[in-house]
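Asker: Compact mmCIF, C-alpha atoms and all ligand atoms, saved as structure_34.txt, coming up:
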```
# COMPACT_ATOMS: atom_id res chain seq x y z
CA MET G 24 9.36 23.97 4.93
CA THR G 25 11.12 21.27 2.98
CA ARG G 26 13.56 18.46 3.41
CA ARG G 27 15.85 17.52 0.57
CA ARG G 28 18.63 14.99 0.52
CA LEU G 29 21.90 15.19 -1.36
CA SER G 30 22.21 12.59 -4.07
CA ALA G 31 24.91 9.97 -3.69
CA ARG G 32 26.75 11.60 -6.61
CA GLN G 33 26.69 15.01 -5.01
CA ILE G 34 27.99 13.62 -1.74
CA GLU G 35 30.71 11.73 -3.61
CA ARG G 36 31.73 14.89 -5.48
CA ILE G 37 31.88 16.99 -2.30
CA ARG G 38 33.90 14.28 -0.54
CA ALA G 39 36.37 14.09 -3.43
CA ILE G 40 36.90 17.88 -3.44
CA GLN G 41 37.35 17.92 0.33
CA GLU G 42 39.72 14.96 0.22
CA ARG G 43 41.89 16.58 -2.49
CA ARG G 44 42.03 19.81 -0.53
CA ARG G 45 42.93 18.02 2.71
CA GLU G 46 45.67 16.08 0.97
CA ARG G 47 47.21 19.19 -0.55
CA LEU G 48 46.95 21.11 2.69
CA ALA G 49 48.57 18.29 4.62
CA THR G 50 51.46 17.62 2.28
CA ARG G 51 52.29 21.06 0.87
CA PRO G 52 50.36 23.68 2.81
CA GLU G 53 52.25 26.76 1.49
CA ARG G 54 51.90 25.66 -2.08
CA ALA G 55 48.25 24.63 -1.65
CA LEU G 56 47.24 27.92 -0.07
CA ALA G 57 49.12 29.95 -2.68
CA GLU G 58 47.44 27.91 -5.40
CA LEU G 59 44.02 28.48 -3.92
CA ASP G 60 44.57 32.23 -3.92
CA ALA G 61 46.20 32.38 -7.33
CA GLU G 62 43.54 30.34 -9.05
CA GLN G 63 40.71 31.80 -7.05
CA GLU G 64 39.06 28.51 -7.64
CA PRO G 65 35.56 28.06 -6.29
CA GLU G 66 35.61 26.92 -2.68
CA GLU G 67 32.99 25.50 -0.41
CA GLY G 68 32.06 27.13 2.83
CA ARG G 69 29.37 27.58 5.42
CA VAL G 70 27.39 30.73 6.00
CA VAL G 71 27.82 31.59 9.68
CA VAL G 72 26.24 35.05 9.70
CA ARG G 73 23.70 36.62 7.46
CA HIS G 74 22.78 40.25 7.89
CA GLY G 75 20.82 41.60 4.94
CA ALA G 76 22.99 41.12 1.87
CA ASN G 77 26.14 40.67 3.97
CA LEU G 78 27.37 37.18 4.69
CA ALA G 79 30.16 35.76 6.76
CA VAL G 80 31.36 32.52 5.22
CA GLU G 81 33.65 30.11 7.03
CA ASP G 82 36.03 28.56 4.52
CA ALA G 83 37.52 25.07 4.55
CA ARG G 84 40.43 26.30 6.73
CA GLY G 85 38.08 27.78 9.30
CA HIS G 86 38.80 31.36 8.18
CA LEU G 87 36.01 33.88 7.90
CA VAL G 88 35.38 35.78 4.70
CA HIS G 89 33.00 38.66 4.15
CA CYS G 90 30.89 37.71 1.13
CA LEU G 91 28.07 39.05 -0.93
CA ALA G 92 25.83 36.70 -2.88
CA ARG G 93 25.58 36.68 -6.65
CA GLN G 94 22.11 37.67 -7.80
CA HIS G 95 19.51 35.11 -8.81
CA ILE G 96 20.99 32.22 -6.82
CA GLY G 97 18.12 32.38 -4.34
CA GLN G 98 18.01 33.55 -0.74
CA VAL G 99 21.19 32.57 1.09
CA VAL G 100 20.63 31.97 4.82
CA CYS G 101 22.62 31.15 7.91
CA GLY G 102 23.68 27.52 7.96
CA ASP G 103 23.79 27.27 4.17
CA ARG G 104 26.66 25.41 2.60
CA VAL G 105 27.74 27.42 -0.40
CA VAL G 106 30.21 27.67 -3.25
CA TRP G 107 32.11 30.95 -3.21
CA GLN G 108 35.06 32.63 -4.92
CA ARG G 109 37.59 35.05 -3.56
CA LEU G 110 37.78 38.48 -5.18
CA PRO G 111 41.10 40.33 -5.58
CA ASP G 112 40.24 42.59 -2.61
CA GLY G 113 39.99 39.59 -0.30
CA GLN G 114 36.22 39.60 -0.04
CA GLY G 115 34.19 36.86 -1.63
CA VAL G 116 31.17 36.26 -3.76
CA VAL G 117 28.80 33.36 -3.17
CA THR G 118 27.98 31.77 -6.50
CA ALA G 119 25.77 28.84 -5.51
CA ILE G 120 23.84 27.37 -2.60
CA LEU G 121 24.47 23.65 -2.12
CA PRO G 122 21.33 21.54 -1.58
CA ARG G 123 19.90 21.96 1.91
CA THR G 124 19.02 19.02 4.11
CA THR G 125 16.47 21.10 6.03
CA THR G 126 15.07 24.63 5.95
CA LEU G 127 13.45 26.66 8.71
CA SER G 128 11.09 29.14 7.03
CA ARG G 129 8.61 31.77 7.97
CA LEU G 130 5.73 33.21 6.00
CA ASP G 131 6.22 36.81 4.91
CA ALA G 132 3.42 39.40 4.65
CA THR G 133 2.44 38.17 1.19
CA GLY G 134 2.12 34.57 2.42
CA GLN G 135 5.33 33.40 0.75
CA GLU G 136 7.77 31.12 2.52
CA LYS G 137 11.02 32.90 3.38
CA PRO G 138 13.93 30.79 4.60
CA LEU G 139 15.38 31.76 7.99
CA ALA G 140 18.05 29.12 8.49
CA ALA G 141 19.32 26.01 6.74
CA ASN G 142 20.72 22.58 7.55
CA LEU G 143 19.50 22.56 11.13
CA THR G 144 19.01 19.15 12.71
CA GLN G 145 17.22 19.86 15.96
CA LEU G 146 14.59 22.18 17.46
CA VAL G 147 14.98 22.81 21.18
CA ILE G 148 11.66 23.86 22.72
CA LEU G 149 12.14 25.62 26.03
CA ILE G 150 9.33 25.83 28.59
CA ALA G 151 9.20 26.76 32.30
CA PRO G 152 6.70 26.73 35.18
CA GLN G 153 6.69 30.54 34.73
CA PRO G 154 5.46 31.82 32.27
CA GLU G 155 2.81 29.12 32.25
CA PRO G 156 3.46 26.74 29.32
CA SER G 157 1.08 26.56 26.39
CA GLY G 158 0.51 23.06 25.04
CA TYR G 159 -0.90 24.72 21.95
CA LEU G 160 2.40 26.49 21.29
CA ILE G 161 4.44 23.36 22.06
CA ASP G 162 2.35 21.41 19.55
CA GLN G 163 2.90 24.11 16.93
CA TYR G 164 6.64 23.80 17.37
CA LEU G 165 6.43 20.01 17.24
CA VAL G 166 4.39 20.08 14.03
CA ALA G 167 6.95 22.47 12.54
CA ALA G 168 9.81 20.15 13.54
CA GLU G 169 8.04 17.16 11.97
CA LEU G 170 7.39 19.01 8.72
CA ILE G 171 10.91 20.43 8.52
CA GLY G 172 12.24 16.94 9.22
CA VAL G 173 14.27 17.68 12.36
CA GLU G 174 14.30 16.20 15.83
CA ALA G 175 12.61 18.13 18.60
CA ILE G 176 13.43 18.03 22.29
CA LEU G 177 11.43 19.56 25.10
CA VAL G 178 13.37 21.27 27.86
CA GLY G 179 11.65 22.36 31.06
CA ASN G 180 13.72 25.13 32.63
CA LYS G 181 13.47 26.89 36.03
CA MET G 182 12.71 23.68 37.89
CA ASP G 183 14.17 25.38 40.97
CA LEU G 184 10.84 27.22 41.13
CA LEU G 185 9.26 23.89 42.08
CA PRO G 186 11.37 22.68 45.00
CA ASN G 187 8.53 20.58 46.34
CA ALA G 188 8.79 17.05 44.85
CA GLU G 189 5.02 16.61 44.54
CA GLU G 190 4.56 19.91 42.79
CA ARG G 191 7.41 19.13 40.47
CA ALA G 192 6.02 15.68 39.63
CA ALA G 193 2.58 17.19 38.98
CA PHE G 194 4.06 19.77 36.62
CA GLN G 195 6.13 17.21 34.76
CA SER G 196 3.24 14.78 34.40
CA GLY G 197 1.47 17.41 32.30
CA PHE G 198 4.08 16.70 29.59
CA ALA G 199 4.36 12.92 29.95
CA HIS G 200 2.37 12.39 26.75
CA TYR G 201 5.25 13.90 24.76
CA GLY G 202 7.68 11.37 26.14
CA ALA G 203 5.18 8.62 25.31
CA ILE G 204 5.35 9.51 21.60
CA GLY G 205 9.13 9.65 21.57
CA TYR G 206 10.01 13.27 22.22
CA ARG G 207 12.87 13.44 24.68
CA THR G 208 12.23 15.68 27.65
CA PHE G 209 14.73 17.29 30.03
CA TRP G 210 14.14 19.07 33.33
CA ILE G 211 16.73 21.66 34.17
CA SER G 212 17.46 24.76 36.19
CA LEU G 213 20.06 27.22 35.03
CA LEU G 214 20.73 27.89 38.70
CA GLU G 215 21.80 24.25 39.14
CA PRO G 216 24.57 23.56 36.60
CA LYS G 217 24.52 19.78 37.25
CA SER G 218 20.91 19.60 36.07
CA VAL G 219 21.87 20.92 32.63
CA GLU G 220 24.54 18.33 31.77
CA GLY G 221 22.25 15.68 30.25
CA PHE G 222 20.57 18.23 28.05
CA ILE G 223 23.87 19.78 26.89
CA ALA G 224 25.05 16.35 25.77
CA GLU G 225 22.06 16.31 23.35
CA LEU G 226 23.51 19.28 21.49
CA ALA G 227 26.74 17.53 20.50
CA GLY G 228 27.02 17.00 16.78
CA GLN G 229 23.74 18.78 16.12
CA THR G 230 22.83 22.13 14.62
CA SER G 231 20.18 23.32 17.05
CA VAL G 232 17.68 26.13 17.07
CA LEU G 233 16.20 27.39 20.34
CA VAL G 234 12.55 28.47 20.54
CA GLY G 235 10.05 29.21 23.28
CA GLN G 236 7.83 31.81 24.91
CA SER G 237 9.20 35.07 26.19
CA GLY G 238 10.69 34.72 29.67
CA VAL G 239 11.37 30.96 29.69
CA GLY G 240 15.11 31.61 29.83
CA LYS G 241 16.34 31.51 26.23
CA SER G 242 18.84 34.36 26.63
CA SER G 243 20.04 32.91 29.93
CA LEU G 244 20.50 29.50 28.33
CA VAL G 245 22.41 30.98 25.39
CA LYS G 246 24.72 32.71 27.87
CA LEU G 247 25.39 29.39 29.55
CA LEU G 248 25.91 27.51 26.28
CA LEU G 249 28.05 30.22 24.72
CA PRO G 250 30.23 31.78 27.38
CA ASP G 251 32.37 33.03 24.49
CA ARG G 252 29.48 34.47 22.50
CA GLU G 253 30.85 38.00 22.73
CA ILE G 254 34.23 36.78 21.54
CA GLN G 255 32.63 34.89 18.64
CA ILE G 256 30.65 37.99 17.70
CA GLY G 257 33.76 40.18 17.98
CA ARG G 258 35.64 37.79 15.71
CA LEU G 259 32.81 37.78 13.20
CA SER G 260 32.49 41.57 13.26
CA GLN G 261 36.17 42.08 12.77
CA ALA G 262 36.75 39.50 10.09
CA THR G 263 33.73 40.40 8.03
CA GLY G 264 33.36 44.13 8.45
CA LEU G 265 29.74 43.55 9.42
CA GLY G 266 30.25 45.56 12.61
CA ARG G 267 28.24 44.99 15.77
CA HIS G 268 25.16 44.34 13.60
CA THR G 269 26.10 40.74 14.11
CA THR G 270 24.30 40.82 17.47
CA SER G 271 20.94 41.13 15.71
CA ALA G 272 21.87 39.01 12.67
CA THR G 273 21.11 35.32 12.39
CA THR G 274 24.30 33.64 13.53
CA CYS G 275 25.55 30.09 13.58
CA TYR G 276 27.58 29.80 16.80
CA ARG G 277 30.06 27.05 17.49
CA LEU G 278 29.28 25.21 20.73
CA SER G 279 32.21 24.08 22.82
CA GLY G 280 31.10 20.44 22.69
CA ASN G 281 31.08 19.90 18.91
CA GLY G 282 27.81 21.32 17.65
CA PHE G 283 26.22 24.53 16.46
CA LEU G 284 23.49 26.82 17.68
CA ILE G 285 21.71 28.99 15.13
CA ASP G 286 20.25 32.00 16.88
CA SER G 287 18.71 35.41 16.22
CA PRO G 288 15.65 37.29 17.42
CA GLY G 289 13.94 36.21 14.17
CA VAL G 290 14.76 32.54 14.67
CA ARG G 291 13.67 32.61 18.33
CA GLY G 292 10.36 34.15 17.33
CA PHE G 293 9.73 31.46 14.70
CA ARG G 294 6.09 30.32 14.53
CA LEU G 295 4.28 27.73 12.48
CA GLY G 296 2.73 29.22 9.35
CA LYS G 297 -0.55 28.36 7.73
CA ILE G 298 -0.78 24.73 6.64
CA ASP G 299 -3.53 22.54 5.21
CA ARG G 300 -5.20 19.61 6.93
CA ASP G 301 -3.14 16.93 5.20
CA ARG G 302 0.18 18.44 6.22
CA LEU G 303 -1.08 19.31 9.67
CA GLN G 304 -2.11 15.75 10.50
CA GLN G 305 1.27 14.50 9.24
CA GLY G 306 2.80 16.85 11.80
CA PHE G 307 1.20 14.89 14.67
CA ARG G 308 3.52 11.90 14.63
CA GLU G 309 1.27 9.57 16.66
CA PHE G 310 -1.61 10.11 14.20
CA ARG G 311 0.34 8.69 11.29
CA PRO G 312 -0.44 4.97 11.77
CA TYR G 313 -4.17 5.85 11.63
CA LEU G 314 -4.18 8.29 8.71
CA GLY G 315 -6.27 7.17 5.74
CA ARG G 316 -8.18 4.62 7.85
CA CYS G 317 -11.15 6.80 8.88
CA ARG G 318 -14.48 6.03 7.15
CA PHE G 319 -14.40 9.38 5.34
CA GLY G 320 -11.33 10.33 3.32
CA ASP G 321 -11.63 13.98 4.34
CA CYS G 322 -12.33 13.17 8.02
CA ARG G 323 -11.43 16.04 10.31
CA HIS G 324 -11.49 13.67 13.31
CA ALA G 325 -14.28 15.68 14.95
CA ARG G 326 -17.79 14.22 14.93
CA GLU G 327 -17.62 12.00 11.85
CA PRO G 328 -18.68 8.38 12.38
CA GLY G 329 -16.00 5.75 11.86
CA CYS G 330 -13.12 8.03 12.91
CA VAL G 331 -10.14 5.90 13.94
CA ILE G 332 -8.27 8.86 15.47
CA ARG G 333 -11.12 9.63 17.87
CA GLN G 334 -11.38 5.94 18.62
CA ALA G 335 -7.66 5.92 19.47
CA VAL G 336 -8.23 8.83 21.86
CA GLU G 337 -11.07 6.90 23.52
CA ASP G 338 -8.83 3.84 23.79
CA GLY G 339 -6.15 5.93 25.51
CA LEU G 340 -3.72 5.59 22.60
CA ILE G 341 -3.67 9.25 21.64
CA ALA G 342 -3.62 12.06 24.22
CA PRO G 343 -6.88 14.06 24.09
CA GLU G 344 -5.02 17.36 24.37
CA ARG G 345 -3.11 16.56 21.20
CA LEU G 346 -6.34 16.00 19.24
CA ALA G 347 -7.79 19.20 20.76
CA ASN G 348 -4.73 21.15 19.62
CA PHE G 349 -5.01 19.59 16.17
CA HIS G 350 -8.58 20.95 15.94
CA HIS G 351 -7.49 24.30 17.31
CA LEU G 352 -4.73 24.55 14.68
CA LEU G 353 -7.10 23.41 11.94
CA ALA G 354 -9.57 26.15 12.91
CA ASP G 355 -6.82 28.77 12.93
N1 LIG U 1 14.61 30.83 38.89
C1 LIG U 1 15.11 30.74 37.69
N2 LIG U 1 15.10 31.82 36.88
C2 LIG U 1 15.63 31.69 35.66
C3 LIG U 1 16.18 30.49 35.20
N3 LIG U 1 16.60 30.68 33.92
C4 LIG U 1 16.32 31.96 33.61
N4 LIG U 1 15.74 32.59 34.66
C5 LIG U 1 15.27 33.98 34.74
O1 LIG U 1 14.11 34.14 33.93
C6 LIG U 1 14.07 35.46 33.42
C7 LIG U 1 13.84 35.43 31.92
O2 LIG U 1 14.98 34.85 31.33
P1 LIG U 1 15.47 35.22 29.86
O3 LIG U 1 16.69 34.43 29.60
O4 LIG U 1 15.53 36.67 29.67
O5 LIG U 1 14.24 34.65 29.03
P2 LIG U 1 14.00 34.70 27.43
O6 LIG U 1 13.31 33.45 27.07
O7 LIG U 1 15.27 35.00 26.74
O8 LIG U 1 13.00 35.91 27.31
P3 LIG U 1 12.76 36.84 26.01
O9 LIG U 1 14.04 37.55 25.75
O10 LIG U 1 11.66 37.77 26.46
O11 LIG U 1 12.32 35.95 24.91
C8 LIG U 1 15.36 36.14 33.83
O12 LIG U 1 15.10 36.94 34.95
C9 LIG U 1 16.27 34.98 34.19
O13 LIG U 1 17.22 35.32 35.16
C10 LIG U 1 16.18 29.34 36.05
O14 LIG U 1 16.61 28.23 35.75
N5 LIG U 1 15.62 29.55 37.28
ZN ZN U 2 -11.03 10.69 11.56
```
Write out the structure in this file as structure tokens.
Answerer:
Amino acid sequence: MTRRRLSARQIERIRAIQERRRERLATRPERALAELDAEQEPEEGRVVVRHGANLAVEDARGHLVHCLARQHIGQVVCGDRVVWQRLPDGQGVVTAILPRTTTLSRLDATGQEKPLAANLTQLVILIAPQPEPSGYLIDQYLVAAELIGVEAILVGNKMDLLPNAEERAAFQSGFAHYGAIGYRTFWISLLEPKSVEGFIAELAGQTSVLVGQSGVGKSSLVKLLLPDREIQIGRLSQATGLGRHTTSATTCYRLSGNGFLIDSPGVRGFRLGKIDRDRLQQGFREFRPYLGRCRFGDCRHAREPGCVIRQAVEDGLIAPERLANFHHLLAD
């Protein structure tokens, strides 16, 4: 899980190419399009579906092109910004992956990191009163978000199951410590459309990924967010020749309110891989001001004397359940 930034030069170069293309398209569209095709000059695009070796790339004009990737350029994933070239038959070949800002990865059977999606900006963690939430799982997702370098928001769904105000307040107070360390929290019910508005506004301008336990309402939420999902899939299938496989493929959907949702069974089932103590404690954002200040450099914040993290828990500055989950993750 890595975060890399584009250099100022790279950004400048991409801007210049985009600007030139926009100018040509605006002033002499016929000529510009003919030129593009005739020259088959490398273009930039975004991978919106990946299914095995098959890719659907959205070009600068918003058209979809069925592409295959050139060998040895690395694993291309959904959300990647790529350089591609049109072949005489109208299909394309991806020749390079542009630097990623963020990467969501999983560990494969051999323990190697395999990218699942790229350039996401936000992890949406869905919970509900039923099935009973697991703080342990929430903390795993939060650690992953921290290490990937994306925002995380916590969304409590099915609040209609707690119509009683006291019950609802009691449930919500179990997650107050997340708000206290800066994670935004939303309480919604898909049965009450008004309750979802504030949360939906958080998706604007972001590339979000939705995760959570089975049964919390992920599919239902996707249906609400993407009323045109079937149409988008149909369009992708048709334009790319990928067929209905696109329902199981990782797909970058366009949200109506200016944003993207990257979704697939694989992405929904994403779990934190194995990580060492140093990275793990970096993943607990409220620990960071204390790191390196314990008496022992390799302090595991358990029974060691002079542990500033445990002291912070005793002083009420760090939630005890967060430290407990840190230990649990460390032991796993
Ligand atoms: N009462 C209530 N039920 C809901 C709400 N949202 C979803 N559900 C129901 O919860 C059940 C599970 O929803 P799904 O959308 O299938 O959950 P999921 O997270 O996609 O589950 P998996 O596919 O197993 O990962 C369904 O019966 C939904 O109708 C809600 O806001 N309130
Ligand atoms: Zn310590």
Asker: Which residues of stretch 109-224 of chain G come within 10 Å of stretch 73-87 of chain G, and for each one, what is the closest pair of atoms and their distance in Å to one decimal, counting all atoms listed in the file, sorted by chain and residue number, as CSV?
Answerer:
```
residue,atom,partner,partner_atom,distance
G:Gln114,CA,G:Leu87,CA,9.8
G:Gly115,CA,G:Val80,CA,8.6
G:Val116,CA,G:Leu78,CA,9.3
G:Val117,CA,G:Val80,CA,8.8
G:Leu139,CA,G:Arg73,CA,9.7
G:Ala140,CA,G:Arg73,CA,9.4
```
Asker: Can you pull out the residues contacting stretch 317-334 of chain G? Cut-off 10 Å, using all atoms listed in the file, and skip same-chain residues under 6 positions away; I want them as number ranges by chain.
Answerer: G: 300-301, 304, 309-311, 340-341, 343, 346-347, 349-350, 353
Asker: Restricting the calculation to only C-alpha atoms and all ligand atoms, which member of G:Arg277, G:Arg69, G:Lys217, G:Arg129 is positioned closest to ligand LIG 1 (chain U)?
Answerer: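 That would be G:Lys217, the residue with the smallest distance to ligand LIG 1 (chain U).
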Asker: So which one's closest to G:His89, G:Ser242, G:Gln108, G:Thr270, G:Gln135? Using only C-alpha atoms, please.
Answerer: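 Distance minimum relative to G:His89 lands on G:Gln108.
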Asker: Could you give me the residues within 6 Å of ligand LIG 1 (chain U), counting all atoms listed in the file, as a list in words?
Answerer: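 Protein and nucleic-acid residues within 6 Å of ligand LIG 1 (chain U): Asn180, Lys181, Asp183, Leu184, Ser212, Leu213, Leu214, Ser237, Gly238, Val239, Gly240, Lys241, Ser242 and Ser243 of chain G.
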Asker: What are the closest atom pairs, with distances in Å to one decimal, for each residue of stretch 227-291 of chain G lying within 12 Å of stretch 165-170 of chain G, using all atoms listed in the file, rows by chain and rising residue number, as JSON lines?
Answerer:
```
{"residue": "G:Ser231", "atom": "CA", "partner": "G:Ala168", "partner_atom": "CA", "distance": 11.4}
{"residue": "G:Val232", "atom": "CA", "partner": "G:Ala168", "partner_atom": "CA", "distance": 10.5}
{"residue": "G:Leu233", "atom": "CA", "partner": "G:Ala168", "partner_atom": "CA", "distance": 11.8}
{"residue": "G:Val234", "atom": "CA", "partner": "G:Leu165", "partner_atom": "CA", "distance": 11.0}
{"residue": "G:Gly235", "atom": "CA", "partner": "G:Leu165", "partner_atom": "CA", "distance": 11.6}
```
Asker: Hey, which of G:Phe209, G:Leu265, G:His200, G:Gly221 ends up closest to G:Gly339? Count only C-alpha atoms.
Answerer: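 Among the listed residues, the smallest separation from G:Gly339 belongs to G:His200.
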Asker: Can you measure atom CA of G:Pro122 to atom CA of G:Gly102 for me? One decimal in Å is fine.
Answerer: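 Value for the atom CA of G:Pro122-atom CA of G:Gly102 distance: 11.5 Å.
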